[in-house]
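Colleague: File name query08.pdb; file contents PDB, C-alpha atoms; full text below.
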ATOM      1  CA  MET A   1      62.735 100.990  82.911
ATOM      2  CA  LYS A   2      64.266  99.879  86.231
ATOM      3  CA  SER A   3      66.551  97.381  84.505
ATOM      4  CA  LYS A   4      67.803 100.082  82.118
ATOM      5  CA  ILE A   5      68.627 102.380  85.037
ATOM      6  CA  LEU A   6      70.313  99.521  86.875
ATOM      7  CA  ARG A   7      72.414  98.633  83.829
ATOM      8  CA  CYS A   8      73.492 102.252  83.400
ATOM      9  CA  LEU A   9      74.375 102.476  87.081
ATOM     10  CA  CYS A  10      76.447  99.277  86.898
ATOM     11  CA  LEU A  11      78.243 100.522  83.796
ATOM     12  CA  LEU A  12      79.009 103.830  85.477
ATOM     13  CA  LEU A  13      80.303 102.050  88.587
ATOM     14  CA  PHE A  14      82.530  99.784  86.470
ATOM     15  CA  ALA A  15      83.942 102.764  84.571
ATOM     16  CA  ALA A  16      84.624 104.691  87.781
ATOM     17  CA  THR A  17      86.494 101.804  89.409
ATOM     18  CA  SER A  18      88.626 101.167  86.330
ATOM     19  CA  VAL A  19      89.625 104.844  86.194
ATOM     20  CA  ALA A  20      90.530 104.886  89.892
ATOM     21  CA  ALA A  21      92.592 101.680  89.652
ATOM     22  CA  GLN A  22      96.182 102.107  90.797
ATOM     23  CA  ASP A  23      99.346 100.018  90.517
ATOM     24  CA  VAL A  24      99.884  97.532  93.350
ATOM     25  CA  ILE A  25     103.494  96.434  93.884
ATOM     26  CA  PRO A  26     103.997  93.293  95.996
ATOM     27  CA  LEU A  27     106.980  93.617  98.354
ATOM     28  CA  TYR A  28     107.826  89.899  98.344
ATOM     29  CA  ALA A  29     107.257  87.035  95.939
ATOM     30  CA  GLY A  30     105.692  84.439  98.212
ATOM     31  CA  THR A  31     106.035  84.444 101.993
ATOM     32  CA  PRO A  32     107.991  87.390 103.471
ATOM     33  CA  PRO A  33     111.298  86.489 105.164
ATOM     34  CA  GLY A  34     110.953  85.568 108.843
ATOM     35  CA  SER A  35     107.259  84.752 108.662
ATOM     36  CA  GLU A  36     105.234  81.573 108.320
ATOM     37  CA  PRO A  37     102.763  80.972 105.485
ATOM     38  CA  ALA A  38      99.296  82.077 106.571
ATOM     39  CA  ASN A  39      95.976  82.550 104.854
ATOM     40  CA  TYR A  40      93.777  84.607 107.163
ATOM     41  CA  PRO A  41      92.001  87.805 106.095
ATOM     42  CA  GLU A  42      93.366  91.275 106.668
ATOM     43  CA  LYS A  43      91.431  93.426 109.101
ATOM     44  CA  GLU A  44      90.999  97.150 108.429
ATOM     45  CA  TYR A  45      89.437  99.592 110.885
ATOM     46  CA  PHE A  46      89.611 103.187 112.093
ATOM     47  CA  SER A  47      91.571 103.600 115.327
ATOM     48  CA  LYS A  48      90.364 106.346 117.631
ATOM     49  CA  VAL A  49      93.638 106.057 119.580
ATOM     50  CA  TRP A  50      95.774 107.013 116.553
ATOM     51  CA  SER A  51      93.029 108.825 114.596
ATOM     52  CA  THR A  52      93.848 106.882 111.432
ATOM     53  CA  GLU A  53      93.021 103.743 109.453
ATOM     54  CA  VAL A  54      94.794 100.618 110.763
ATOM     55  CA  VAL A  55      95.404  97.340 108.915
ATOM     56  CA  THR A  56      96.271  94.155 110.824
ATOM     57  CA  ASN A  57      96.919  90.497 109.901
ATOM     58  CA  VAL A  58      98.904  91.469 106.802
ATOM     59  CA  THR A  59     100.272  88.310 105.144
ATOM     60  CA  LYS A  60     101.054  89.712 101.677
ATOM     61  CA  PRO A  61     102.561  93.201 102.110
ATOM     62  CA  SER A  62     102.371  95.523  99.116
ATOM     63  CA  LEU A  63     102.646  99.163  98.095
ATOM     64  CA  THR A  64      99.846 100.935  96.231
ATOM     65  CA  VAL A  65     100.960 103.672  93.850
ATOM     66  CA  PHE A  66      98.630 106.666  93.641
ATOM     67  CA  LYS A  67      99.591 108.453  90.448
ATOM     68  CA  PRO A  68      98.789 112.147  90.062
ATOM     69  CA  ALA A  69      96.401 113.280  87.375
ATOM     70  CA  PRO A  70      98.044 114.157  84.059
ATOM     71  CA  GLN A  71      98.946 117.810  83.849
ATOM     72  CA  ASP A  72      96.848 120.068  81.690
ATOM     73  CA  HIS A  73      99.226 122.051  79.469
ATOM     74  CA  HIS A  74      96.792 124.953  79.435
ATOM     75  CA  SER A  75      96.687 125.503  83.186
ATOM     76  CA  LEU A  76      97.727 128.689  84.914
ATOM     77  CA  VAL A  77      99.683 128.862  88.165
ATOM     78  CA  ILE A  78      99.473 131.998  90.267
ATOM     79  CA  PRO A  79     102.010 132.056  93.134
ATOM     80  CA  ASN A  80     101.007 133.694  96.421
TER      81      ASN A  80
END
Could you spell out this file's structure in structure tokens?
Modeller:
Amino acid sequence: MKSKILRCLCLLLFAATSVAAQDVIPLYAGTPPGSEPANYPEKEYFSKVWSTEVVTNVTKPSLTVFKPAPQDHHSLVIPN
């Protein structure tokens, strides 16, 4: 019974991550201009100083596209 629940949970997790996947666009092919090749991990943390997420040690800069959900043609918009 536990293995069946675990399998269902894994399948659900896989489906959720594939739906949430977005397009990642690399900004440079290879090493960015003016930098040296490096292979150290990026560091991501929440900064209390700036009250936002901060990423450091970026060696492969990219843009992540967050596409909006497809529009439902049967929706209703009520302006204020």
Colleague: Find, counting all atoms listed in the file, the residue in A:Gln71, A:Tyr40, A:Phe66, A:Lys60 that gets nearest to Gln22 (chain A).
Modeller: A:Phe66
Colleague: Starting from the PyMOL selection byres ((chain A and resi 23) around 6), expand the selection into actual residues of this file and give them as a compact mmCIF listing (two decimals) with C-alpha atoms, in the coordinates of the input.
Modeller:
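Saved file out17.txt follows:
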# COMPACT_ATOMS: atom_id res chain seq x y z
CA GLN A 22 96.18 102.11 90.80
CA VAL A 24 99.88 97.53 93.35
CA THR A 64 99.85 100.94 96.23
CA VAL A 65 100.96 103.67 93.85
Colleague: Have a look at CA of Thr52 (chain A) and CA of Pro32 (chain A) and let me know their distance in Å, one decimal.
Modeller: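 About the pair CA of Thr52 (chain A) and CA of Pro32 (chain A): they are 25.4 Å apart.
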Colleague: Exactly which residues make up the result of the PyMOL selection byres ((chain A and resi 29) around 12) on this file, given as a PDB file with C-alpha atoms, in the coordinates of the input?
Modeller:
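Once written, expr_22.pdb looks like this:
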ATOM      1  CA  ILE A  25     103.494  96.434  93.884  1.00  0.00           C
ATOM      2  CA  PRO A  26     103.997  93.293  95.996  1.00  0.00           C
ATOM      3  CA  LEU A  27     106.980  93.617  98.354  1.00  0.00           C
ATOM      4  CA  TYR A  28     107.826  89.899  98.344  1.00  0.00           C
ATOM      5  CA  GLY A  30     105.692  84.439  98.212  1.00  0.00           C
ATOM      6  CA  THR A  31     106.035  84.444 101.993  1.00  0.00           C
ATOM      7  CA  PRO A  32     107.991  87.390 103.471  1.00  0.00           C
ATOM      8  CA  PRO A  33     111.298  86.489 105.164  1.00  0.00           C
ATOM      9  CA  THR A  59     100.272  88.310 105.144  1.00  0.00           C
ATOM     10  CA  LYS A  60     101.054  89.712 101.677  1.00  0.00           C
ATOM     11  CA  PRO A  61     102.561  93.201 102.110  1.00  0.00           C
ATOM     12  CA  SER A  62     102.371  95.523  99.116  1.00  0.00           C
TER      13      SER A  62
END
Colleague: Quote the spacing between CA of Glu44 (chain A) and CA of Thr56 (chain A) in Å to one decimal place.
Modeller: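 Result for CA of Glu44 (chain A) versus CA of Thr56 (chain A): 6.5 Å, one decimal.
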Colleague: Please indicate the distance in Å from CA of Ser35 (chain A) to CA of Val49 (chain A), rounded to one decimal place.
Modeller: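 It comes out at 27.5 Å.
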Colleague: Find the residues around Asn57 (chain A) up to 8 Å (all atoms listed in the file counted), leave out those fewer than 3 positions away in its own chain, and share them as an MDAnalysis selection string.
Modeller: chainID A and resid 40:43
